[in-house]
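Structure file target_28.csv (CSV, C-alpha atoms) follows.
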chain,number,residue,atom,x,y,z
A,1,MET,CA,144.8,113.7,124.3
A,2,GLU,CA,147.8,112.0,122.6
A,3,GLU,CA,147.7,114.6,119.9
A,4,PHE,CA,147.5,117.4,122.4
A,5,THR,CA,150.4,116.0,124.5
A,6,ALA,CA,152.5,115.5,121.4
A,7,ARG,CA,151.9,119.1,120.3
A,8,ILE,CA,152.8,120.8,123.6
A,9,GLY,CA,155.3,118.2,124.8
A,10,ILE,CA,155.5,116.0,127.9
A,11,PRO,CA,157.3,118.7,130.1
A,12,SER,CA,154.6,121.3,129.2
A,13,PHE,CA,151.9,118.8,129.8
A,14,ILE,CA,153.3,118.1,133.3
A,15,GLN,CA,153.5,121.9,133.9
A,16,LEU,CA,149.9,122.3,132.7
A,17,THR,CA,148.7,119.7,135.1
A,18,ILE,CA,150.5,121.3,138.0
A,19,GLU,CA,149.3,124.7,137.1
A,20,CYS,CA,145.7,123.5,136.9
A,21,TRP,CA,145.9,122.1,140.4
A,22,ASN,CA,147.6,125.3,141.6
A,23,GLY,CA,144.8,127.4,140.0
A,24,LEU,CA,142.2,125.3,141.9
A,25,PHE,CA,144.0,125.8,145.2
A,26,LEU,CA,144.4,129.5,144.4
A,27,LEU,CA,140.7,129.9,143.8
A,28,ILE,CA,139.9,128.2,147.1
A,29,MET,CA,142.4,130.5,148.9
A,30,ILE,CA,140.9,133.6,147.3
A,31,VAL,CA,137.4,132.6,148.4
A,32,MET,CA,138.8,132.0,152.0
A,33,MET,CA,140.6,135.3,151.9
A,34,ILE,CA,137.4,137.1,150.8
A,35,ILE,CA,135.6,135.5,153.8
A,36,ARG,CA,138.5,136.4,156.0
A,37,ARG,CA,138.1,140.1,155.1
A,38,GLN,CA,134.8,140.0,157.1
A,39,PRO,CA,135.7,139.1,160.7
A,40,ASP,CA,133.8,136.1,162.1
A,41,GLU,CA,131.9,136.3,165.3
A,42,ILE,CA,135.0,135.6,167.4
A,43,GLY,CA,137.0,138.2,165.5
A,44,LYS,CA,134.2,140.8,165.9
A,45,ALA,CA,133.8,140.0,169.6
A,46,TYR,CA,137.5,140.6,170.2
A,47,ASN,CA,138.1,143.2,167.5
A,48,VAL,CA,140.7,141.2,165.6
A,49,LYS,CA,141.7,142.6,162.3
A,50,VAL,CA,144.6,141.0,160.5
A,51,PRO,CA,146.8,143.5,158.7
A,52,LEU,CA,147.6,143.2,155.0
A,53,THR,CA,144.5,141.1,154.3
A,54,GLY,CA,143.5,143.3,151.4
A,55,GLU,CA,147.0,143.4,150.0
A,56,ILE,CA,147.4,139.6,150.2
A,57,LEU,CA,144.1,139.1,148.5
A,58,THR,CA,145.1,141.4,145.7
A,59,PHE,CA,148.3,139.5,145.3
A,60,TYR,CA,146.4,136.1,145.2
A,61,ILE,CA,144.0,137.4,142.5
A,62,ALA,CA,147.0,138.6,140.4
A,63,VAL,CA,148.7,135.3,140.8
A,64,PHE,CA,145.6,133.4,139.9
A,65,LEU,CA,145.2,135.4,136.6
A,66,TYR,CA,149.0,135.0,136.0
A,67,ASP,CA,148.6,131.2,136.4
A,68,LEU,CA,145.4,131.1,134.3
A,69,PHE,CA,147.0,133.0,131.4
A,70,ASP,CA,150.0,130.8,131.5
A,71,ILE,CA,147.7,127.7,131.3
A,72,ILE,CA,146.0,129.1,128.2
A,73,CYS,CA,149.4,129.9,126.7
A,74,THR,CA,150.7,126.4,127.3
A,75,ALA,CA,147.5,124.9,125.9
A,76,SER,CA,147.7,127.1,122.8
A,77,TYR,CA,151.4,126.2,122.1
A,78,GLY,CA,151.8,124.8,118.6
A,79,ASP,CA,148.1,125.3,117.6
A,80,THR,CA,148.4,126.8,114.1
A,81,SER,CA,144.7,127.4,113.7
A,82,ALA,CA,143.5,131.0,113.5
A,83,SER,CA,141.8,130.7,116.9
A,84,GLY,CA,144.8,129.1,118.4
A,85,ARG,CA,147.1,131.9,117.2
A,86,GLU,CA,144.7,134.6,118.5
A,87,THR,CA,144.3,132.8,121.8
A,88,TYR,CA,148.1,132.5,122.3
A,89,LEU,CA,148.6,136.1,121.3
A,90,VAL,CA,146.1,137.5,123.8
A,91,SER,CA,146.9,135.2,126.7
A,92,GLU,CA,150.7,135.9,126.3
A,93,PHE,CA,150.0,139.6,126.4
A,94,CYS,CA,147.9,139.2,129.5
A,95,TYR,CA,150.5,137.0,131.1
A,96,TYR,CA,153.2,139.6,130.8
A,97,ALA,CA,150.7,142.3,131.9
A,98,THR,CA,149.8,140.5,135.2
A,99,GLY,CA,153.5,139.8,135.8
A,100,ALA,CA,154.3,143.5,135.5
A,101,PHE,CA,151.4,144.3,137.8
A,102,GLN,CA,152.9,142.0,140.5
A,103,THR,CA,156.2,143.7,140.3
A,104,LEU,CA,154.7,147.2,140.5
A,105,PHE,CA,152.4,146.0,143.3
A,106,PHE,CA,155.3,145.0,145.5
A,107,LEU,CA,157.1,148.2,144.8
A,108,GLN,CA,154.0,150.0,145.9
A,109,LEU,CA,154.0,148.0,149.1
A,110,VAL,CA,157.6,149.1,149.8
A,111,LYS,CA,156.4,152.8,149.4
A,112,THR,CA,153.3,152.4,151.7
A,113,GLN,CA,154.4,149.9,154.2
A,114,VAL,CA,158.1,150.9,154.6
A,115,ALA,CA,158.8,154.4,153.2
A,116,ASP,CA,155.6,156.1,154.3
A,117,ARG,CA,155.3,154.4,157.7
A,118,ASN,CA,158.9,155.2,158.6
A,119,GLY,CA,158.9,158.7,157.1
A,120,MET,CA,161.6,157.8,154.7
A,121,LYS,CA,161.0,160.3,151.8
A,122,TRP,CA,164.2,159.4,150.0
A,123,LEU,CA,163.2,155.7,149.9
A,124,LYS,CA,159.8,156.7,148.6
A,125,HIS,CA,161.4,158.7,145.8
A,126,LEU,CA,163.8,155.9,145.0
A,127,THR,CA,161.0,153.3,144.8
A,128,THR,CA,159.1,155.6,142.5
A,129,ALA,CA,162.1,155.7,140.3
A,130,PHE,CA,162.1,151.9,140.1
A,131,GLN,CA,158.4,152.0,139.2
A,132,LEU,CA,159.1,154.4,136.4
A,133,LEU,CA,161.8,152.0,135.3
A,134,HIS,CA,159.0,149.8,134.1
A,135,LEU,CA,157.5,152.4,131.9
A,136,PRO,CA,159.6,151.5,128.9
A,137,CYS,CA,158.7,147.9,129.6
A,138,ILE,CA,155.0,148.7,129.4
A,139,VAL,CA,155.6,150.6,126.2
A,140,LEU,CA,157.4,147.6,124.7
A,141,LEU,CA,154.6,145.3,125.8
A,142,ALA,CA,152.0,147.5,124.2
A,143,ALA,CA,154.0,147.5,120.9
A,144,THR,CA,154.9,143.8,121.0
A,145,PRO,CA,151.8,142.4,119.3
A,146,PHE,CA,152.7,144.6,116.3
A,147,THR,CA,156.5,144.5,116.4
A,148,GLY,CA,157.5,141.4,118.3
A,149,ALA,CA,159.7,143.5,120.6
A,150,LEU,CA,159.5,141.3,123.7
A,151,TYR,CA,158.3,138.0,122.1
A,152,TYR,CA,156.9,136.7,118.8
A,153,PHE,CA,155.4,133.5,117.4
A,154,ASP,CA,156.9,131.6,114.5
A,155,GLU,CA,154.9,129.8,111.8
A,156,LEU,CA,154.4,126.8,114.1
A,157,ASN,CA,152.9,129.1,116.7
A,158,HIS,CA,155.8,128.6,119.0
A,159,TYR,CA,156.8,131.3,121.5
A,160,ASN,CA,160.2,133.0,121.0
A,161,ARG,CA,161.9,135.8,122.9
A,162,GLY,CA,162.1,139.1,121.1
A,163,ALA,CA,165.1,141.5,120.7
A,164,PHE,CA,164.1,143.6,123.7
A,165,TYR,CA,163.2,140.8,126.0
A,166,GLY,CA,166.4,141.6,128.1
A,167,VAL,CA,165.0,145.0,128.9
A,168,TRP,CA,161.9,143.4,130.5
A,169,TYR,CA,163.9,140.7,132.2
A,170,TYR,CA,166.6,143.0,133.8
A,171,ALA,CA,164.1,145.6,134.9
A,172,THR,CA,162.1,142.9,136.7
A,173,LEU,CA,165.2,141.3,138.1
A,174,ALA,CA,166.5,144.7,139.4
A,175,SER,CA,163.2,145.5,141.0
A,176,PHE,CA,163.0,142.2,143.0
A,177,ILE,CA,166.6,142.6,144.1
A,178,TYR,CA,165.8,146.1,145.2
A,179,ILE,CA,162.7,145.0,147.1
A,180,ILE,CA,164.7,142.3,148.9
A,181,ALA,CA,167.5,144.7,149.7
A,182,VAL,CA,165.1,147.3,151.1
A,183,ILE,CA,163.4,144.7,153.3
A,184,PHE,CA,166.8,143.5,154.6
A,185,LEU,CA,168.2,147.0,155.3
A,186,THR,CA,165.1,148.2,157.1
A,187,ARG,CA,164.3,144.9,158.9
A,188,ASN,CA,164.5,146.5,162.3
A,189,ARG,CA,161.9,149.1,161.3
A,190,ASN,CA,159.4,146.7,159.6
A,191,ASP,CA,156.6,144.6,161.0
A,192,ARG,CA,157.8,141.0,161.2
A,193,PHE,CA,154.8,139.6,159.4
A,194,PHE,CA,155.2,142.1,156.5
A,195,MET,CA,158.9,141.3,156.3
A,196,LYS,CA,158.3,137.5,156.1
A,197,ILE,CA,155.7,138.0,153.3
A,198,CYS,CA,158.0,140.2,151.3
A,199,VAL,CA,161.0,137.9,151.7
A,200,THR,CA,158.9,134.9,150.7
A,201,ALA,CA,157.3,136.7,147.8
A,202,GLY,CA,160.7,138.1,146.6
A,203,VAL,CA,163.3,135.4,147.1
A,204,ILE,CA,161.5,132.3,145.8
A,205,PRO,CA,160.3,133.9,142.5
A,206,LEU,CA,163.7,135.6,142.0
A,207,ILE,CA,165.5,132.3,142.1
A,208,ALA,CA,163.0,130.7,139.7
A,209,PHE,CA,163.3,133.8,137.5
A,210,LEU,CA,167.1,133.4,137.3
A,211,ILE,CA,166.7,129.6,136.5
A,212,ASN,CA,164.1,130.3,133.8
A,213,PHE,CA,166.4,132.7,132.0
A,214,VAL,CA,168.7,129.8,131.1
A,215,TYR,CA,166.3,126.8,131.2
A,216,ARG,CA,163.1,127.1,129.1
A,217,GLY,CA,161.7,123.6,129.3
A,218,ILE,CA,159.2,124.2,132.1
A,219,SER,CA,158.1,127.6,133.5
A,220,ILE,CA,159.6,127.2,136.9
A,221,ASN,CA,158.7,130.8,137.6
A,222,ASN,CA,155.0,130.1,137.5
A,223,ILE,CA,155.3,127.1,139.7
A,224,SER,CA,157.4,129.1,142.2
A,225,VAL,CA,154.8,131.8,142.4
A,226,SER,CA,152.2,129.2,143.2
A,227,VAL,CA,154.4,127.7,145.9
A,228,THR,CA,155.0,131.2,147.3
A,229,VAL,CA,151.3,131.9,147.5
A,230,LEU,CA,150.8,128.6,149.4
A,231,ILE,CA,153.6,129.5,151.9
A,232,ILE,CA,152.1,133.0,152.4
A,233,PHE,CA,148.7,131.5,153.0
A,234,VAL,CA,150.0,129.2,155.8
A,235,MET,CA,151.9,132.2,157.3
A,236,TYR,CA,148.7,134.3,157.1
A,237,GLU,CA,146.6,131.7,158.8
A,238,LYS,CA,149.1,131.2,161.6
A,239,PHE,CA,149.4,134.9,162.1
A,240,ARG,CA,145.6,135.3,162.2
A,241,SER,CA,145.3,132.5,164.7
A,242,ASP,CA,148.0,134.1,166.9
A,243,MET,CA,146.2,137.4,166.7
A,244,LEU,CA,142.9,135.8,167.6
A,245,VAL,CA,144.4,134.0,170.7
A,246,SER,CA,146.2,137.3,171.7
A,247,GLY,CA,142.9,139.2,171.3
A,248,VAL,CA,141.0,136.7,173.4
A,249,LYS,CA,143.7,136.9,176.2
A,250,GLU,CA,143.8,140.7,176.0
A,251,ALA,CA,140.0,140.9,176.2
A,252,GLU,CA,139.9,138.5,179.1
A,253,THR,CA,142.5,140.6,180.9
A,254,VAL,CA,140.6,143.8,180.2
A,255,SER,CA,137.4,142.2,181.4
A,256,ARG,CA,139.0,140.9,184.6
A,257,GLU,CA,140.6,144.4,185.3
A,258,LEU,CA,137.2,146.0,184.6
A,259,THR,CA,135.5,143.7,187.0
A,260,GLU,CA,138.1,144.3,189.6
A,261,SER,CA,137.8,148.0,189.0
A,262,LYS,CA,134.0,147.9,189.4
A,263,LEU,CA,134.4,145.9,192.6
A,264,ALA,CA,136.9,148.4,194.0
A,265,LEU,CA,134.6,151.2,193.0
A,266,GLU,CA,131.7,149.6,194.8
A,267,GLN,CA,133.8,149.0,197.9
A,268,SER,CA,135.0,152.6,197.8
A,269,ASN,CA,131.4,153.8,197.4
A,270,ASN,CA,130.4,151.6,200.4
A,271,ARG,CA,133.2,153.1,202.5
A,272,ILE,CA,132.2,156.6,201.5
A,273,LEU,CA,128.6,155.9,202.3
A,274,MET,CA,129.5,154.4,205.7
A,275,ALA,CA,131.8,157.4,206.3
A,276,GLN,CA,128.8,159.6,205.6
A,277,ILE,CA,126.4,157.6,207.7
A,278,GLN,CA,128.6,157.3,210.8
A,279,PRO,CA,129.3,161.0,211.3
A,280,HIS,CA,125.6,161.8,210.9
A,281,PHE,CA,124.7,159.0,213.3
A,282,ILE,CA,127.2,160.2,215.9
A,283,ASN,CA,126.2,163.8,215.6
A,284,ASN,CA,122.5,163.0,215.8
A,285,SER,CA,123.1,160.8,218.8
A,286,LEU,CA,125.0,163.5,220.6
A,287,LEU,CA,122.3,166.1,219.8
A,288,ALA,CA,119.7,163.6,221.2
A,289,ILE,CA,121.7,163.2,224.4
A,290,ALA,CA,122.3,166.9,224.7
A,291,GLU,CA,118.6,167.6,224.4
A,292,LYS,CA,118.0,165.3,227.4
A,293,SER,CA,120.7,167.1,229.3
A,294,MET,CA,119.4,170.6,229.1
A,295,ASP,CA,118.8,170.7,232.8
A,296,TYR,CA,122.5,170.2,233.3
A,297,PRO,CA,124.2,173.2,231.6
A,298,GLU,CA,127.8,171.9,232.0
A,299,VAL,CA,126.9,168.5,230.5
A,300,TYR,CA,124.8,170.2,227.8
A,301,ASN,CA,127.6,172.6,226.8
A,302,GLY,CA,130.2,169.8,226.8
A,303,ILE,CA,128.1,167.6,224.5
A,304,MET,CA,127.3,170.5,222.2
A,305,ASN,CA,131.0,171.6,222.0
A,306,PHE,CA,132.0,168.0,221.3
A,307,SER,CA,129.3,167.7,218.5
A,308,HIS,CA,130.5,171.0,217.0
A,309,TYR,CA,134.1,169.8,217.2
A,310,LEU,CA,133.3,166.5,215.4
A,311,ARG,CA,131.1,168.2,212.8
A,312,SER,CA,134.0,170.5,211.9
A,313,HIS,CA,136.3,167.6,211.4
A,314,PHE,CA,133.8,165.6,209.3
A,315,ASP,CA,133.1,168.7,207.1
A,316,ALA,CA,136.8,169.2,206.5
A,317,LEU,CA,137.3,165.5,205.5
A,318,GLY,CA,134.4,165.7,203.1
A,319,ASP,CA,135.4,169.0,201.5
A,320,MET,CA,139.0,170.4,201.5
A,321,LYS,CA,138.1,173.8,200.1
A,322,PRO,CA,139.4,176.8,202.0
A,323,VAL,CA,137.2,178.0,204.9
A,324,SER,CA,137.0,181.4,206.6
A,325,PHE,CA,139.2,182.0,209.6
A,326,GLU,CA,136.1,182.7,211.6
A,327,HIS,CA,134.7,179.3,210.8
A,328,GLU,CA,138.0,177.7,211.7
A,329,MET,CA,138.0,179.5,215.1
A,330,GLU,CA,134.6,178.0,215.9
A,331,ALA,CA,136.2,174.6,215.8
A,332,VAL,CA,139.1,175.8,217.9
A,333,GLU,CA,136.8,177.4,220.5
A,334,ALA,CA,134.7,174.3,220.7
A,335,TYR,CA,137.8,172.2,221.3
A,336,LEU,CA,139.3,174.5,223.9
A,337,GLU,CA,136.0,174.6,225.8
A,338,LEU,CA,136.1,170.8,226.0
A,339,GLU,CA,139.7,170.9,227.2
A,340,GLN,CA,138.9,173.5,229.8
A,341,ASP,CA,136.2,171.2,231.1
A,342,ASN,CA,138.9,168.5,231.3
A,343,PHE,CA,141.8,170.6,232.8
A,344,GLY,CA,139.8,173.1,234.7
A,345,ASP,CA,141.8,176.1,236.1
A,346,ARG,CA,145.1,174.5,234.7
A,347,LEU,CA,144.2,175.7,231.2
A,348,ARG,CA,143.8,179.4,230.7
A,349,VAL,CA,143.0,180.7,227.2
A,350,GLU,CA,143.5,184.2,225.8
A,351,TYR,CA,142.4,185.4,222.4
A,352,ASP,CA,144.2,188.2,220.5
A,353,ILE,CA,142.7,188.2,217.1
A,354,GLN,CA,143.1,191.4,215.1
A,355,SER,CA,141.7,190.2,211.8
A,356,ASP,CA,139.5,187.3,210.7
A,357,ASP,CA,138.5,188.4,207.2
A,358,PHE,CA,140.5,185.8,205.2
A,359,TYR,CA,140.4,182.1,204.2
A,360,ILE,CA,142.6,179.2,205.2
A,361,PRO,CA,142.8,175.5,204.6
A,362,PRO,CA,140.4,173.6,206.9
A,363,LEU,CA,141.8,172.2,210.2
A,364,SER,CA,145.0,174.2,209.8
A,365,VAL,CA,144.8,176.0,213.2
A,366,GLU,CA,143.0,173.5,215.4
A,367,PRO,CA,145.8,170.8,215.2
A,368,LEU,CA,148.3,173.5,216.3
A,369,VAL,CA,146.1,174.4,219.2
A,370,GLU,CA,145.6,170.7,220.1
A,371,ASN,CA,149.4,170.1,220.1
A,372,ALA,CA,149.9,173.2,222.2
A,373,VAL,CA,147.5,171.8,224.8
A,374,ARG,CA,148.6,168.2,224.8
A,375,HIS,CA,152.3,168.7,224.5
A,376,GLY,CA,152.5,172.1,226.2
A,377,THR,CA,150.1,173.1,228.9
A,378,ALA,CA,149.2,169.5,229.9
A,379,THR,CA,152.8,168.7,230.7
A,380,TYR,CA,152.9,171.2,233.5
A,381,MET,CA,151.5,170.5,237.0
A,382,ASN,CA,150.1,174.0,237.3
A,383,GLY,CA,149.0,174.1,233.6
A,384,GLY,CA,149.5,177.3,231.7
A,385,THR,CA,148.1,180.0,229.4
A,386,LEU,CA,147.4,179.4,225.7

Starting from the coordinates I provided, produce the structure as structure tokens.
Amino acid sequence: MEEFTARIGIPSFIQLTIECWNGLFLLIMIVMMIIRRQPDEIGKAYNVKVPLTGEILTFYIAVFLYDLFDIICTASYGDTSASGRETYLVSEFCYYATGAFQTLFFLQLVKTQVADRNGMKWLKHLTTAFQLLHLPCIVLLAATPFTGALYYFDELNHYNRGAFYGVWYYATLASFIYIIAVIFLTRNRNDRFFMKICVTAGVIPLIAFLINFVYRGISINNISVSVTVLIIFVMYEKFRSDMLVSGVKEAETVSRELTESKLALEQSNNRILMAQIQPHFINNSLLAIAEKSMDYPEVYNGIMNFSHYLRSHFDALGDMKPVSFEHEMEAVEAYLELEQDNFGDRLRVEYDIQSDDFYIPPLSVEPLVENAVRHGTATYMNGGTL
């Protein structure tokens, strides 16, 4: 252990310890995120689906690999054996590759979550241009194991920056500045949760990236990325809990409204049923009374006219479709015969109907006749003619 510490140095040993713990926490968070992708019983019951779960999981896996390759790089530092050199060479290449993936991944999120959702084609094209900006970096990375373009290892197997390292550095720096600028300028159009994630994932690593360009003792960039992941995890869990609580409340509200709606429907059905029962009961009762009054023509005719009058009104309330004028006049005649029994010779009725072959809304004539009797003929001592 002393030989290992002496080879990589105390600062690197501290960084290695921190990154090992970070990797363990990252692995735990990845497992939890995988479980989170499948809603639990409560989430299923209330249809709670947390947005960006897949994207955050992808980012976590990329960071875990980024951290893992850096651990291997740190452990291989200064190991001049053949296996040590090969391990350092492969792990450093993978370290750069996963770093490039993270940058391109966040640029892709800008395209899908900001440009596409808001219909900003110009922003989509501009973001694509920034993605293409990394194409030379990918080419340089592919050539580096043979040319040392981005980095190389000396005879002591120590890492050194290559002649074109600045191309990689400034392309990455420009991309993160661009992402932060886009999120800031479109903040009023973006989902708040997405905006918080992008700001956290952009600002913290960007600051560390700037520091590491000058200070090379400890890879602050790697530590900052791990801290970013932890902050995003806390934000995600809080957002998920808030969505779950909101989903439960919304489900309870819908359930309560549905229950109230069912109760109102039942009450309405009861009222309709009673409205159907009462007219039939009244009409049947009148017919029964009329049957017993057949020996008294005036009483019988009065009851039958009243029954016909009521049935016309009940039918009109149950069905508002147009009726024939002839059908409407049956209700009018029944009403007038009842009123003639009441007013006697004071009410005289004359009919002058020249056509009855047409349809009218139900109860459109009878109320006019009723008003004419009640507010016209009935107001005169000697009655009148309708």

Kindly assemble as a Markdown table a list of the segment 220-259 of chain A residues that lie within 12 Å of segment 51-54 of chain A, each paired with its nearest atom pair and their distance in Å to one decimal, using only C-alpha atoms, sorted first by chain and then by ascending residue number.
| residue | atom | partner | partner_atom | distance |
| --- | --- | --- | --- | --- |
| A:Ile232 | CA | A:Thr53 | CA | 11.3 |
| A:Phe233 | CA | A:Thr53 | CA | 10.6 |
| A:Met235 | CA | A:Thr53 | CA | 12.0 |
| A:Tyr236 | CA | A:Thr53 | CA | 8.5 |
| A:Glu237 | CA | A:Thr53 | CA | 10.6 |
| A:Phe239 | CA | A:Pro51 | CA | 9.6 |
| A:Arg240 | CA | A:Pro51 | CA | 9.0 |
| A:Met243 | CA | A:Pro51 | CA | 10.1 |

Based on the selection just made, write C-alpha atoms of those residues as a PDB file, in the frame of the given file.
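For reference, selection.pdb as written:
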ATOM      1  CA  ILE A 232     152.100 133.000 152.400  1.00  0.00           C
ATOM      2  CA  PHE A 233     148.700 131.500 153.000  1.00  0.00           C
ATOM      3  CA  MET A 235     151.900 132.200 157.300  1.00  0.00           C
ATOM      4  CA  TYR A 236     148.700 134.300 157.100  1.00  0.00           C
ATOM      5  CA  GLU A 237     146.600 131.700 158.800  1.00  0.00           C
ATOM      6  CA  PHE A 239     149.400 134.900 162.100  1.00  0.00           C
ATOM      7  CA  ARG A 240     145.600 135.300 162.200  1.00  0.00           C
ATOM      8  CA  MET A 243     146.200 137.400 166.700  1.00  0.00           C
TER       9      MET A 243
END

*Could you pull the residues within 10 Å of segment 192-205 of chain A, counting only C-alpha atoms, minus those fewer than 5 positions along the same chain, as a PyMOL selection string?*
chain A and resi 51-52+56+59+103+106+109-110+113-114+173+175-181+183-184+186-187+210-211+220-229+231-233+235-236+239

*Excluding same-chain residues fewer than 3 positions from segment 322-331 of chain A, what lies within 8 Å of it counting all atoms listed in the file, as a VMD selection string?*
chain A and resid 308 to 309 312 334 to 335 356 to 363 365 to 366

*Contacts of Ala378 of chain A at 9 Å or less, counting only C-alpha atoms, minus same-chain residues fewer than 6 places along, as a PyMOL selection string?*
chain A and resi 343+346-347+372+384

*Atom-to-atom span, atom CA of Leu126 of chain A and atom CA of Leu150 of chain A, Å*: 26.2 Å

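Take atom CA of Leu156 of chain A and atom CA of Leu141 of chain A: the distance between them is 21.9 Å.
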
*Just the residues within 8 Å of Ile8 of chain A, please, counting all atoms listed in the file, with nothing from its chain fewer than 5 positions along; format it as a VMD selection string.*
chain A and resid 13 74 to 75 77 to 78

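When atom CA of Ile71 of chain A is paired with atom CA of Leu16 of chain A, their separation reads 6.0 Å.
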
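With all atoms listed in the file as the basis for measurement, A:Phe101 is the residue among A:Phe101, A:Trp21, A:Tyr165, A:Phe4 that approaches Gln131 of chain A most closely.
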
Padded axis-aligned box of segment 67-70 of chain A (4 Å per side), centre and edge lengths, Å, one decimal, as lines of an AutoDock Vina configuration file:
center_x = 147.7
center_y = 131.9
center_z = 133.9
size_x = 12.6
size_y = 10.2
size_z = 13.0

*Please provide as a list in words all residues within 9 Å of Cys20 of chain A, with the sequence filter that same-chain residues fewer than 3 positions apart are discarded (counting all atoms listed in the file).*
Gln15, Leu16, Thr17, Gly23, Leu24, Phe25, Asp67, Leu68 and Ile71 of chain A
